[in-house]
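Q: query12.cif is reproduced in full below (mmCIF, C-alpha atoms and all ligand atoms).
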```
data_protein
#
loop_
_atom_site.label_atom_id
_atom_site.label_comp_id
_atom_site.auth_asym_id
_atom_site.auth_seq_id
_atom_site.Cartn_x
_atom_site.Cartn_y
_atom_site.Cartn_z
CA MET V 1 100.67 99.22 48.78
CA LYS V 2 102.67 96.28 49.92
CA LYS V 3 104.50 98.44 52.36
CA THR V 4 101.25 99.77 53.80
CA ILE V 5 99.92 96.30 54.39
CA TYR V 6 103.21 95.33 55.98
CA THR V 7 103.15 98.41 58.23
CA LEU V 8 99.57 97.78 59.21
CA LEU V 9 100.35 94.19 60.00
CA ALA V 10 103.37 95.16 62.08
CA LEU V 11 101.27 97.70 63.95
CA PHE V 12 98.52 95.14 64.48
CA LEU V 13 101.00 92.59 65.83
CA ALA V 14 102.58 95.20 68.08
CA GLN V 15 99.17 96.06 69.51
CA GLN V 16 98.42 92.38 70.00
CA THR V 17 101.56 91.73 72.07
CA TRP V 18 100.93 95.00 73.88
CA ALA V 19 97.42 93.91 74.83
CA GLN V 20 98.61 90.50 75.97
CA ASP V 21 101.33 92.04 78.07
CA ILE V 22 99.09 94.44 79.88
CA ASP V 23 96.47 91.77 80.53
CA LYS V 24 99.12 89.53 82.03
CA ILE V 25 100.66 92.22 84.21
CA ILE V 26 97.60 94.10 85.47
CA THR V 27 95.23 91.27 86.36
CA LYS V 28 91.95 91.31 88.22
CA PRO V 29 93.20 89.15 91.14
CA TYR V 30 96.19 91.49 91.54
CA VAL V 31 94.08 94.65 91.56
CA ASP V 32 91.48 93.02 93.83
CA ARG V 33 94.10 92.02 96.36
CA LEU V 34 95.48 95.56 96.54
CA ILE V 35 92.18 97.32 96.96
CA LYS V 36 90.74 94.73 99.34
CA THR V 37 93.77 94.97 101.61
CA LEU V 38 93.90 98.77 101.61
CA SER V 39 90.18 99.06 102.38
CA SER V 40 90.01 96.21 104.89
CA ASP V 41 88.73 96.84 108.43
CA GLU V 42 92.22 96.03 109.64
CA MET V 43 93.40 99.39 108.26
CA GLN V 44 90.72 101.15 110.36
CA GLY V 45 89.90 103.69 107.66
CA ARG V 46 93.53 104.88 107.33
CA ALA V 47 93.14 108.14 109.26
CA THR V 48 96.27 110.31 109.23
CA PHE V 49 98.20 109.93 112.53
CA SER V 50 96.47 106.57 113.30
CA PRO V 51 97.99 103.05 113.56
CA GLY V 52 95.77 102.10 110.59
CA ILE V 53 97.59 104.38 108.17
CA ASP V 54 100.90 103.01 109.41
CA LYS V 55 99.75 99.52 108.39
CA ALA V 56 98.65 100.82 105.00
CA ALA V 57 102.04 102.47 104.49
CA SER V 58 103.85 99.22 105.34
CA PHE V 59 101.68 97.35 102.86
CA ILE V 60 102.43 99.84 100.06
CA GLU V 61 106.15 99.72 100.91
CA ALA V 62 106.16 95.93 100.59
CA GLU V 63 104.41 96.15 97.22
CA PHE V 64 106.92 98.74 95.95
CA LYS V 65 109.75 96.49 97.09
CA SER V 66 108.42 93.40 95.33
CA ILE V 67 107.84 95.41 92.14
CA GLY V 68 111.47 96.52 92.28
CA LEU V 69 111.06 100.28 92.67
CA LYS V 70 113.85 102.39 94.17
CA PRO V 71 113.04 104.62 97.16
CA LEU V 72 112.60 108.28 96.22
CA GLU V 73 114.66 109.36 99.22
CA GLY V 74 117.41 107.45 100.97
CA LYS V 75 116.85 103.85 101.94
CA THR V 76 113.17 103.82 102.80
CA PHE V 77 110.07 104.32 100.71
CA ARG V 78 108.60 106.43 103.48
CA GLN V 79 108.93 110.15 102.88
CA SER V 80 108.57 111.25 106.49
CA PHE V 81 107.83 114.67 107.87
CA PHE V 82 106.19 116.28 110.88
CA GLN V 83 103.11 118.28 111.49
CA GLN V 84 102.84 120.57 114.47
CA LYS V 85 99.47 120.73 116.11
CA LEU V 86 98.52 123.37 118.65
CA LYS V 87 95.92 121.93 121.03
CA PRO V 88 93.95 124.24 123.32
CA ILE V 89 94.20 123.57 127.07
CA SER V 90 92.50 126.53 128.71
CA THR V 91 91.18 129.96 127.86
CA LYS V 92 90.41 132.79 130.23
CA VAL V 93 89.00 136.09 129.05
CA THR V 94 87.90 138.92 131.36
CA ILE V 95 86.23 142.10 130.17
CA ASP V 96 85.96 144.96 132.66
CA GLY V 97 86.67 142.50 135.46
CA LYS V 98 83.98 140.06 134.41
CA GLU V 99 85.02 136.55 133.31
CA ILE V 100 83.52 135.29 130.04
CA ALA V 101 82.25 131.68 129.90
CA ALA V 102 84.82 129.56 128.03
CA SER V 103 82.10 128.26 125.70
CA ASN V 104 81.70 131.82 124.38
CA VAL V 105 85.38 132.20 123.51
CA LEU V 106 87.02 131.18 120.25
CA VAL V 107 90.73 131.54 119.51
CA TYR V 108 91.63 131.97 115.86
CA GLY V 109 95.06 132.04 114.26
CA ASN V 110 97.08 131.49 117.43
CA THR V 111 100.62 130.12 116.98
CA VAL V 112 102.05 130.17 120.54
CA GLU V 113 101.65 127.94 123.60
CA SER V 114 101.13 130.83 125.96
CA LEU V 115 99.06 133.71 124.60
CA VAL V 116 98.59 136.61 127.01
CA PHE V 117 97.53 140.13 126.11
CA ASP V 118 95.39 142.93 127.50
CA LYS V 119 94.31 146.43 126.67
CA ALA V 120 97.18 147.87 128.70
CA SER V 121 99.67 146.08 126.42
CA SER V 122 98.09 148.19 123.68
CA ALA V 123 96.27 145.25 122.12
CA GLU V 124 93.15 146.34 120.28
CA TRP V 125 89.56 145.29 120.24
CA ALA V 126 87.01 145.31 117.46
CA LYS V 127 83.35 144.53 116.99
CA LEU V 128 81.97 142.55 114.05
CA ASP V 129 79.39 144.25 111.89
CA PRO V 130 76.25 142.07 112.26
CA GLU V 131 75.21 142.97 108.71
CA LYS V 132 78.38 141.64 107.03
CA PRO V 133 79.42 137.98 106.54
CA PHE V 134 81.10 136.38 109.58
CA MET V 135 84.11 134.62 108.03
CA GLY V 136 84.85 137.49 105.64
CA GLN V 137 85.28 139.88 108.57
CA ILE V 138 87.42 137.37 110.48
CA ARG V 139 89.75 136.96 107.52
CA THR V 140 90.09 140.72 107.06
CA LEU V 141 90.90 141.22 110.76
CA SER V 142 93.41 138.37 110.85
CA LYS V 143 95.31 139.97 107.95
CA GLU V 144 96.08 142.92 110.27
CA ASN V 145 98.66 140.61 111.90
CA LYS V 146 98.18 141.63 115.53
CA ASN V 147 96.53 140.27 118.65
CA GLN V 148 92.97 141.49 118.93
CA LEU V 149 89.89 140.92 121.02
CA VAL V 150 86.85 140.63 118.75
CA LEU V 151 83.30 141.01 120.01
CA VAL V 152 80.79 138.88 118.14
CA ASP V 153 77.10 139.70 117.91
CA PRO V 154 74.78 136.85 119.13
CA LYS V 155 73.34 136.86 115.62
CA PHE V 156 76.48 134.93 114.57
CA ALA V 157 76.01 132.23 117.26
CA GLU V 158 75.66 129.39 114.76
CA ALA V 159 78.70 130.25 112.63
CA PHE V 160 80.67 130.91 115.81
CA LYS V 161 79.85 127.45 117.18
CA ARG V 162 80.71 125.76 113.89
CA VAL V 163 84.19 127.31 113.76
CA ARG V 164 84.70 126.68 117.47
CA ASP V 165 83.86 122.96 117.12
CA TYR V 166 86.13 122.70 114.11
CA LEU V 167 89.08 124.17 115.99
CA ALA V 168 88.45 122.23 119.23
CA GLY V 169 90.70 119.35 118.13
CA GLY V 170 93.62 121.70 117.62
CA THR V 171 95.08 123.70 114.75
CA ASP V 172 97.65 122.40 112.31
CA LEU V 173 100.63 124.69 112.21
CA ASP V 174 103.00 125.25 109.37
CA GLU V 175 106.57 124.67 110.59
CA LYS V 176 107.43 128.20 109.45
CA LYS V 177 104.70 129.79 111.55
CA ILE V 178 105.89 128.39 114.87
CA ASN V 179 107.67 130.97 116.99
CA GLU V 180 106.45 133.75 114.76
CA PRO V 181 105.00 136.65 116.77
CA SER V 182 101.42 135.67 117.43
CA ALA V 183 98.60 137.41 115.63
CA ALA V 184 95.60 135.80 117.22
CA LEU V 185 91.99 136.85 117.20
CA VAL V 186 90.19 136.05 120.44
CA LEU V 187 86.49 136.09 119.65
CA VAL V 188 83.89 136.62 122.36
CA LEU V 189 80.27 135.81 121.63
CA GLY V 190 77.66 137.96 123.38
CA GLU V 191 76.44 141.46 124.04
CA ALA V 192 79.58 142.63 125.86
CA THR V 193 81.44 145.84 125.03
CA VAL V 194 84.72 147.00 126.45
CA ALA V 195 84.41 150.02 128.74
CA ASN V 196 87.86 150.10 130.31
CA ASP V 197 89.89 146.96 130.17
CA PHE V 198 90.15 143.36 129.03
CA LYS V 199 92.60 140.50 129.56
CA VAL V 200 93.21 137.33 127.56
CA GLU V 201 95.09 134.24 128.77
CA VAL V 202 95.17 131.20 126.46
CA LYS V 203 97.18 128.08 127.22
CA SER V 204 97.84 125.52 124.47
CA LYS V 205 100.15 122.60 123.90
CA LEU V 206 102.29 122.06 120.83
CA GLU V 207 102.36 118.44 119.63
CA LYS V 208 104.72 117.06 117.02
CA LEU V 209 103.02 114.41 114.92
CA SER V 210 104.64 112.14 112.38
CA LEU V 211 103.32 111.71 108.81
CA PHE V 212 104.64 109.90 105.76
CA ASN V 213 104.05 109.64 102.05
CA VAL V 214 105.20 106.43 100.41
CA ALA V 215 107.25 107.11 97.28
CA GLY V 216 109.21 104.98 94.84
CA VAL V 217 110.97 105.57 91.52
CA ILE V 218 111.79 103.96 88.19
CA PRO V 219 114.77 105.98 86.89
CA GLY V 220 114.49 107.26 83.33
CA LYS V 221 116.83 105.87 80.68
CA SER V 222 117.78 108.99 78.71
CA LYS V 223 115.73 111.82 80.30
CA ALA V 224 116.20 111.06 83.97
CA LYS V 225 115.86 114.75 84.94
CA GLU V 226 112.34 114.85 83.52
CA LEU V 227 109.85 113.50 86.03
CA VAL V 228 106.41 111.99 85.58
CA VAL V 229 104.39 111.54 88.76
CA PHE V 230 101.64 108.96 89.37
CA SER V 231 99.78 109.46 92.64
CA GLY V 232 96.81 108.58 94.79
CA HIS V 233 96.13 109.46 98.41
CA TYR V 234 96.14 106.52 100.79
CA ASP V 235 94.71 108.29 103.83
CA HIS V 236 91.00 108.40 104.56
CA LEU V 237 88.67 109.45 107.37
CA GLY V 238 89.23 106.62 109.89
CA ILE V 239 86.46 106.01 112.41
CA ILE V 240 83.39 108.18 111.90
CA LYS V 241 79.77 108.32 113.01
CA GLY V 242 78.44 105.20 111.34
CA ASP V 243 75.22 103.38 110.77
CA GLY V 244 74.47 100.81 113.47
CA GLN V 245 77.39 98.39 113.84
CA ASP V 246 79.78 99.85 111.31
CA SER V 247 81.82 102.94 112.07
CA ILE V 248 84.90 102.33 109.90
CA ALA V 249 85.10 104.61 106.89
CA ASN V 250 87.00 102.15 104.71
CA GLY V 251 87.54 104.58 101.84
CA ALA V 252 87.61 101.83 99.23
CA ASP V 253 86.76 104.18 96.39
CA ASP V 254 88.26 107.23 98.15
CA ASP V 255 91.08 106.57 97.59
CA ALA V 256 92.14 102.95 97.96
CA SER V 257 91.08 102.66 94.31
CA GLY V 258 93.48 105.42 93.17
CA THR V 259 96.28 104.07 95.35
CA THR V 260 95.70 100.62 93.84
CA ALA V 261 95.93 102.13 90.35
CA MET V 262 99.19 103.90 91.23
CA ILE V 263 100.75 100.62 92.48
CA ALA V 264 99.51 98.61 89.49
CA LEU V 265 100.93 101.23 87.10
CA ALA V 266 104.30 100.95 88.86
CA LYS V 267 104.24 97.20 88.32
CA TYR V 268 103.32 97.62 84.66
CA TYR V 269 105.91 100.26 83.75
CA LYS V 270 108.63 98.40 85.64
CA LYS V 271 107.91 95.31 83.52
CA LEU V 272 107.62 97.39 80.34
CA ASN V 273 111.05 98.85 81.10
CA ASN V 274 111.01 101.48 78.35
CA ASN V 275 110.55 104.78 80.20
CA GLU V 276 112.97 107.44 79.01
CA ARG V 277 111.70 109.79 81.73
CA THR V 278 111.93 109.11 85.46
CA LEU V 279 108.66 107.84 86.92
CA ILE V 280 107.71 108.63 90.50
CA PHE V 281 104.96 106.66 92.23
CA VAL V 282 103.61 108.24 95.37
CA ALA V 283 100.89 107.47 97.90
CA PHE V 284 100.03 110.76 99.58
CA THR V 285 99.08 111.10 103.23
CA ALA V 286 96.76 113.68 104.81
CA GLU V 287 94.77 114.57 101.69
CA GLU V 288 91.51 114.53 103.63
CA ILE V 289 92.78 116.93 106.30
CA GLY V 290 94.45 119.59 104.19
CA GLY V 291 96.71 118.01 101.56
CA PHE V 292 99.85 118.09 103.73
CA GLY V 293 101.37 115.05 102.01
CA ALA V 294 101.27 116.60 98.55
CA LYS V 295 102.55 119.89 99.99
CA HIS V 296 105.57 118.23 101.55
CA PHE V 297 106.23 116.21 98.39
CA SER V 298 106.13 119.35 96.23
CA GLN V 299 108.70 121.05 98.48
CA LYS V 300 111.15 118.17 98.15
CA LEU V 301 111.58 118.41 94.38
CA ASN V 302 111.89 121.04 91.69
CA PRO V 303 108.40 121.43 90.21
CA ASP V 304 109.91 122.73 86.95
CA GLU V 305 111.33 119.21 86.40
CA VAL V 306 107.91 117.57 86.70
CA VAL V 307 106.62 117.09 83.16
CA ALA V 308 103.22 115.68 84.13
CA MET V 309 101.28 114.41 87.12
CA PHE V 310 98.62 111.71 86.94
CA ASN V 311 96.66 111.92 90.19
CA ILE V 312 94.03 109.20 90.50
CA GLU V 313 90.97 109.60 92.71
CA MET V 314 87.91 107.38 92.98
CA ILE V 315 87.80 105.04 89.99
CA GLY V 316 85.67 102.36 91.66
CA LYS V 317 82.37 102.88 89.86
CA ASP V 318 81.24 103.60 86.29
CA SER V 319 81.55 107.21 85.19
CA LYS V 320 78.53 109.07 83.84
CA PHE V 321 79.89 108.44 80.33
CA GLY V 322 79.46 104.66 80.75
CA LYS V 323 81.80 101.68 80.69
CA ASN V 324 85.47 102.17 79.73
CA THR V 325 85.44 105.90 80.35
CA ALA V 326 86.92 108.30 82.87
CA PHE V 327 87.21 112.07 83.17
CA ILE V 328 90.10 114.45 83.65
CA THR V 329 89.82 117.52 85.89
CA GLY V 330 91.06 120.87 84.60
CA PHE V 331 90.96 119.46 81.07
CA ASP V 332 91.39 122.89 79.41
CA LYS V 333 94.25 124.04 81.64
CA SER V 334 96.87 122.16 79.59
CA ASP V 335 96.95 119.75 76.65
CA PHE V 336 97.59 116.79 78.98
CA GLY V 337 94.07 115.45 78.36
CA LYS V 338 94.40 115.75 74.58
CA ILE V 339 97.66 113.75 74.65
CA LEU V 340 95.99 111.04 76.70
CA GLN V 341 93.04 110.94 74.31
CA LYS V 342 95.37 110.65 71.32
CA ASN V 343 97.21 107.70 72.89
CA LEU V 344 93.90 105.91 73.43
CA GLU V 345 92.73 106.20 69.82
CA GLY V 346 91.87 102.74 68.56
CA THR V 347 91.40 101.32 72.06
CA GLU V 348 88.10 100.72 73.85
CA PHE V 349 88.81 103.36 76.51
CA THR V 350 88.05 107.10 76.29
CA PHE V 351 88.79 110.12 78.47
CA HIS V 352 86.40 113.06 78.83
CA PRO V 353 86.65 116.55 80.31
CA ASP V 354 85.40 116.79 83.91
CA PRO V 355 81.58 116.94 83.67
CA TYR V 356 81.19 118.59 87.11
CA PRO V 357 82.97 121.95 86.75
CA GLN V 358 80.72 123.48 89.45
CA GLN V 359 82.20 120.96 91.96
CA ASN V 360 85.69 122.47 91.58
CA LEU V 361 87.26 118.99 91.55
CA PHE V 362 90.48 120.31 90.01
CA TYR V 363 91.15 122.15 93.28
CA ARG V 364 89.83 119.42 95.57
CA SER V 365 92.64 116.89 95.28
CA ASP V 366 96.41 116.62 95.55
CA ASN V 367 97.03 117.62 91.92
CA ALA V 368 96.15 121.23 92.81
CA THR V 369 99.32 121.71 94.89
CA LEU V 370 101.59 120.87 91.96
CA ALA V 371 99.35 122.61 89.41
CA ALA V 372 99.79 125.85 91.39
CA LEU V 373 103.54 125.43 90.85
CA GLY V 374 103.10 125.20 87.08
CA VAL V 375 102.94 121.42 86.65
CA PRO V 376 100.38 119.94 84.22
CA ALA V 377 98.89 118.06 87.17
CA HIS V 378 95.43 116.62 86.71
CA THR V 379 93.15 114.22 88.51
CA ILE V 380 91.62 111.24 86.74
CA SER V 381 88.35 109.94 88.19
CA THR V 382 85.18 108.06 87.34
CA ASP V 383 83.12 109.15 90.33
CA GLN V 384 79.61 110.48 89.83
CA ILE V 385 80.25 112.93 92.62
CA ASP V 386 76.88 114.68 92.25
CA SER V 387 74.97 111.51 93.16
CA ASP V 388 77.48 109.23 94.95
CA LYS V 389 75.62 108.27 98.15
CA PHE V 390 78.59 106.35 99.58
CA TYR V 391 81.07 109.25 99.34
CA HIS V 392 82.61 109.88 102.79
CA THR V 393 80.34 107.31 104.49
CA VAL V 394 80.99 103.91 106.10
CA LYS V 395 79.47 102.36 102.98
CA ASP V 396 82.44 103.26 100.81
CA GLU V 397 83.71 99.67 100.95
CA TYR V 398 84.95 97.06 98.50
CA GLU V 399 81.48 95.48 98.15
CA THR V 400 80.02 98.70 96.71
CA LEU V 401 82.64 98.92 93.96
CA ASP V 402 82.82 97.49 90.45
CA SER V 403 86.27 95.94 90.18
CA ASP V 404 85.98 95.64 86.38
CA ASN V 405 85.73 99.40 86.24
CA ILE V 406 88.88 99.75 88.32
CA LEU V 407 90.74 97.28 86.12
CA SER V 408 89.72 98.90 82.82
CA THR V 409 90.49 102.40 84.12
CA ILE V 410 93.98 101.39 85.25
CA LYS V 411 94.68 99.85 81.84
CA GLY V 412 93.29 102.95 80.14
CA ILE V 413 95.63 105.19 82.14
CA ALA V 414 98.57 102.83 81.49
CA LYS V 415 98.11 103.10 77.72
CA SER V 416 97.27 106.81 77.73
CA ALA V 417 100.52 107.81 79.45
CA ILE V 418 102.83 105.93 77.11
CA SER V 419 104.04 108.80 74.91
CA ILE V 420 104.67 110.89 78.02
CA ILE V 421 106.75 108.29 79.85
CA LYS V 422 108.72 107.63 76.67
CA GLY V 423 109.56 111.32 76.36
CA ILE V 424 107.72 111.79 73.06
CA ASP V 425 104.98 114.15 74.27
CA THR V 426 105.32 116.96 76.77
CA PRO V 427 102.10 118.56 78.05
CA THR V 428 101.85 122.36 78.07
CA ARG V 429 102.43 124.00 81.48
CA ILE V 430 99.71 125.37 83.70
CA PRO V 431 100.29 129.05 84.62
CA LYS V 432 101.94 129.29 88.05
CA LEU V 433 99.88 130.84 90.82
CA SER V 434 101.75 133.64 92.53
CA ASN V 435 101.46 133.55 96.31
ZN ZN V 501 89.86 111.43 97.87
#
```
Go through the file and emit its structure as structure tokens.

A:
Amino acid sequence: MKKTIYTLLALFLAQQTWAQDIDKIITKPYVDRLIKTLSSDEMQGRATFSPGIDKAASFIEAEFKSIGLKPLEGKTFRQSFFQQKLKPISTKVTIDGKEIAASNVLVYGNTVESLVFDKASSAEWAKLDPEKPFMGQIRTLSKENKNQLVLVDPKFAEAFKRVRDYLAGGTDLDEKKINEPSAALVLVLGEATVANDFKVEVKSKLEKLSLFNVAGVIPGKSKAKELVVFSGHYDHLGIIKGDGQDSIANGADDDASGTTAMIALAKYYKKLNNNERTLIFVAFTAEEIGGFGAKHFSQKLNPDEVVAMFNIEMIGKDSKFGKNTAFITGFDKSDFGKILQKNLEGTEFTFHPDPYPQQNLFYRSDNATLAALGVPAHTISTDQIDSDKFYHTVKDEYETLDSDNILSTIKGIAKSAISIIKGIDTPTRIPKLSN
């Protein structure tokens, strides 16, 4: 009996100091400064490839440095890589000697700067079935891996225009695909058929663009080969069609809030100084335009060594479960969520399974890239995505957020991860996706 009282008292005292520590390290002014800076107009909405995202990266680097993190790679916190973009310059298509208006031509899946083919070079042509779905047929044809001219029924005019507008700014090319033999589909909208001959000449320009994640590390004490990743994406949409005066999509919730959490967690665990596993803190680039940052990151390490990934997205407003709550995407795919819940027992914070399974959130953020490689990689969020009117608008700014919610969620995550960073709990793996 005596012993029990003593143990309880010791536990109580431990929790007391714990609570004091975390409240001293992760403070509201600290969190506010991070999120305000990242979502300020000066960062211009942090679009990938823009000067604004460069400023945001420098800010995160400076924070990592003052916390005392080590760079993940070499001497700089920037994990740099390149993206190749193929931008269209001109297209010329003639069918039976008649030139097709450029606005009725769409080039899909091209990987070369100069694309020239004609019927004489034994390239083929096909016609879409007006009764079958547009994109489905395009995908099937592009799997045939050869240059083809594709005639598109006017019935598909709307879908055709949508894809054409989307591709007008250029196509992002995987480094591996460059210089591969081209297998392009050149789509022609209209009533035309091919009687004798056709010729396609497409000129494009390959541009090499620079991107960078920002990544720092706290080495593990006894299990340094076992990695725990904390992440948030720091890119956003940049300048968009706004309302009246404002055209900067500040992305305060999406995802300056998650990036803020990631930095604050780094500060906390560095002070705590008791992680047996190695902790990686990473701000991902290019989430909004295809997840290239997370893809590059996942190729630079061995995913089998990553024990867990805490990806944090949009924690700026109360979740549908009320104050001091957040949800975890893909809750049933591993026991990650259950471990987090267990660590929060006796605290005011609770985690819930993702209440919006129909939104496919598990696959809509950077965790999905690592999850496909077998990592228990989940996203933590509080966003009421089904009714969030500010999502991807110029109104996603600091003023529309509840900074108490951000603060409590960060502290909740900090406490929930403790048995994982100490090497006590290891979440079950998510089945690898074969490619
Ligand atoms: Zn986001």

Q: With a cut-off of 10 Å, could you pull out the residues of chain V touching ligand ZN 501 (chain V) and give me the nearest pair of atoms for each, distance in Å to one decimal, using only C-alpha atoms and all ligand atoms, ordered by chain and ascending number, as JSON lines?

A:
```
{"residue": "V:Gly232", "atom": "CA", "partner": "V:ZN501", "partner_atom": "ZN", "distance": 8.1}
{"residue": "V:His233", "atom": "CA", "partner": "V:ZN501", "partner_atom": "ZN", "distance": 6.6}
{"residue": "V:Tyr234", "atom": "CA", "partner": "V:ZN501", "partner_atom": "ZN", "distance": 8.5}
{"residue": "V:Asp235", "atom": "CA", "partner": "V:ZN501", "partner_atom": "ZN", "distance": 8.3}
{"residue": "V:His236", "atom": "CA", "partner": "V:ZN501", "partner_atom": "ZN", "distance": 7.4}
{"residue": "V:Leu237", "atom": "CA", "partner": "V:ZN501", "partner_atom": "ZN", "distance": 9.8}
{"residue": "V:Gly251", "atom": "CA", "partner": "V:ZN501", "partner_atom": "ZN", "distance": 8.3}
{"residue": "V:Ala252", "atom": "CA", "partner": "V:ZN501", "partner_atom": "ZN", "distance": 10.0}
{"residue": "V:Asp253", "atom": "CA", "partner": "V:ZN501", "partner_atom": "ZN", "distance": 8.0}
{"residue": "V:Asp254", "atom": "CA", "partner": "V:ZN501", "partner_atom": "ZN", "distance": 4.5}
{"residue": "V:Asp255", "atom": "CA", "partner": "V:ZN501", "partner_atom": "ZN", "distance": 5.0}
{"residue": "V:Ala256", "atom": "CA", "partner": "V:ZN501", "partner_atom": "ZN", "distance": 8.8}
{"residue": "V:Ser257", "atom": "CA", "partner": "V:ZN501", "partner_atom": "ZN", "distance": 9.5}
{"residue": "V:Gly258", "atom": "CA", "partner": "V:ZN501", "partner_atom": "ZN", "distance": 8.4}
{"residue": "V:Glu287", "atom": "CA", "partner": "V:ZN501", "partner_atom": "ZN", "distance": 7.0}
{"residue": "V:Glu288", "atom": "CA", "partner": "V:ZN501", "partner_atom": "ZN", "distance": 6.7}
{"residue": "V:Ile312", "atom": "CA", "partner": "V:ZN501", "partner_atom": "ZN", "distance": 8.8}
{"residue": "V:Glu313", "atom": "CA", "partner": "V:ZN501", "partner_atom": "ZN", "distance": 5.6}
{"residue": "V:Met314", "atom": "CA", "partner": "V:ZN501", "partner_atom": "ZN", "distance": 6.6}
{"residue": "V:Arg364", "atom": "CA", "partner": "V:ZN501", "partner_atom": "ZN", "distance": 8.3}
{"residue": "V:Ser365", "atom": "CA", "partner": "V:ZN501", "partner_atom": "ZN", "distance": 6.7}
{"residue": "V:Asp366", "atom": "CA", "partner": "V:ZN501", "partner_atom": "ZN", "distance": 8.7}
{"residue": "V:Ser381", "atom": "CA", "partner": "V:ZN501", "partner_atom": "ZN", "distance": 9.9}
{"residue": "V:Tyr391", "atom": "CA", "partner": "V:ZN501", "partner_atom": "ZN", "distance": 9.2}
{"residue": "V:His392", "atom": "CA", "partner": "V:ZN501", "partner_atom": "ZN", "distance": 8.9}
```

Q: Using all atoms listed in the file, which of V:Asn110, V:Ser298, V:Asn360, V:Thr285 sits nearest Ser50 (chain V)?

A: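 Smallest separation from Ser50 (chain V) among the options: V:Thr285.
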
Q: Need the shell around region 263-275 of chain V: protein/DNA/RNA residues with any atom at most 7 Å away, counting all atoms listed in the file. Skip same-chain ones fewer than 2 positions apart. Format as a PyMOL selection string?

A: chain V and resi 25-26+67+218+220-221+259-261+277-278+281+414+421-422

Q: Work out how far apart CA of Asp425 (chain V) and CA of Asn311 (chain V) are and give it in Å to one decimal.

A: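 It comes out at 18.1 Å.
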
Q: Go through V:Ser114, V:Val394, V:Leu185, V:Lys28 one by one, measure the shortest atom-to-atom distance of each to Lys241 (chain V) using only C-alpha atoms, and give the residue with the smallest value.

A: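 Smallest separation from Lys241 (chain V) among the options: V:Val394.
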
Q: From the set V:Thr37, V:Thr91, V:Thr426, V:Gln83, which residue has the shortest atom-to-atom contact distance to Asn104 (chain V), counting all atoms listed in the file?

A: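 Nearest to Asn104 (chain V): V:Thr91.
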
Q: Write out as a PyMOL selection string the residues lying within 10 Å of Ala168 (chain V), counting only C-alpha atoms and excluding same-chain residues fewer than 6 positions away.

A: chain V and resi 87-89+106-107

Q: Identify, on the basis of only C-alpha atoms, every residue whose closest approach to Phe336 (chain V) does not exceed 9 Å; exclude the query and any residue fewer than 6 positions from it along the same chain; express the result as a list in words.

A: Ala308, Pro376, Ala377, His378, Thr426, Pro427 and Thr428 of chain V

Q: Find the residues near region 169-183 of chain V: any atom within 9 Å, counting all atoms listed in the file, skip ones fewer than 4 places away on the same chain, and give them as a list in words.

A: Phe82, Gln83, Gln84, Lys85, Leu86, Lys87, Pro88, Tyr108, Gly109, Asn110, Thr111, Val112, Leu115, Ser142, Lys143, Glu144, Asn145, Lys146, Asn147, Gln148, Asp165 and Ser204 of chain V

Q: Grab the CA of Ala417 (chain V) to CA of Gln341 (chain V) distance for me, in Å with one decimal place.

A: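 It comes out at 9.6 Å.
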
Q: Check the smallest atom-to-atom distance from each of V:Asp197, V:Pro71, V:Arg139, V:Gly52 to Ala184 (chain V) using all atoms listed in the file, then report the winner.

A: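 Closest candidate: V:Arg139.
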
Q: To one decimal in Å, tell me the separation between CA of Pro355 (chain V) and CA of Ile430 (chain V).

A: 20.0 Å

Q: Just the residues within 12 Å of Glu399 (chain V), please, counting all atoms listed in the file, with nothing from its chain fewer than 4 positions along; format it as an mmCIF file with C-alpha atoms, in the frame of the given file.

A:
```cif
data_model
loop_
_atom_site.group_PDB
_atom_site.id
_atom_site.type_symbol
_atom_site.label_atom_id
_atom_site.label_comp_id
_atom_site.auth_asym_id
_atom_site.auth_seq_id
_atom_site.Cartn_x
_atom_site.Cartn_y
_atom_site.Cartn_z
ATOM 1 C CA ASP V 32 91.480 93.020 93.830
ATOM 2 C CA ILE V 35 92.180 97.320 96.960
ATOM 3 C CA LYS V 36 90.740 94.730 99.340
ATOM 4 C CA SER V 39 90.180 99.060 102.380
ATOM 5 C CA SER V 40 90.010 96.210 104.890
ATOM 6 C CA ASN V 250 87.000 102.150 104.710
ATOM 7 C CA GLY V 251 87.540 104.580 101.840
ATOM 8 C CA ALA V 252 87.610 101.830 99.230
ATOM 9 C CA ASP V 253 86.760 104.180 96.390
ATOM 10 C CA GLY V 316 85.670 102.360 91.660
ATOM 11 C CA LYS V 317 82.370 102.880 89.860
ATOM 12 C CA PHE V 390 78.590 106.350 99.580
ATOM 13 C CA VAL V 394 80.990 103.910 106.100
ATOM 14 C CA LYS V 395 79.470 102.360 102.980
ATOM 15 C CA SER V 403 86.270 95.940 90.180
#
```
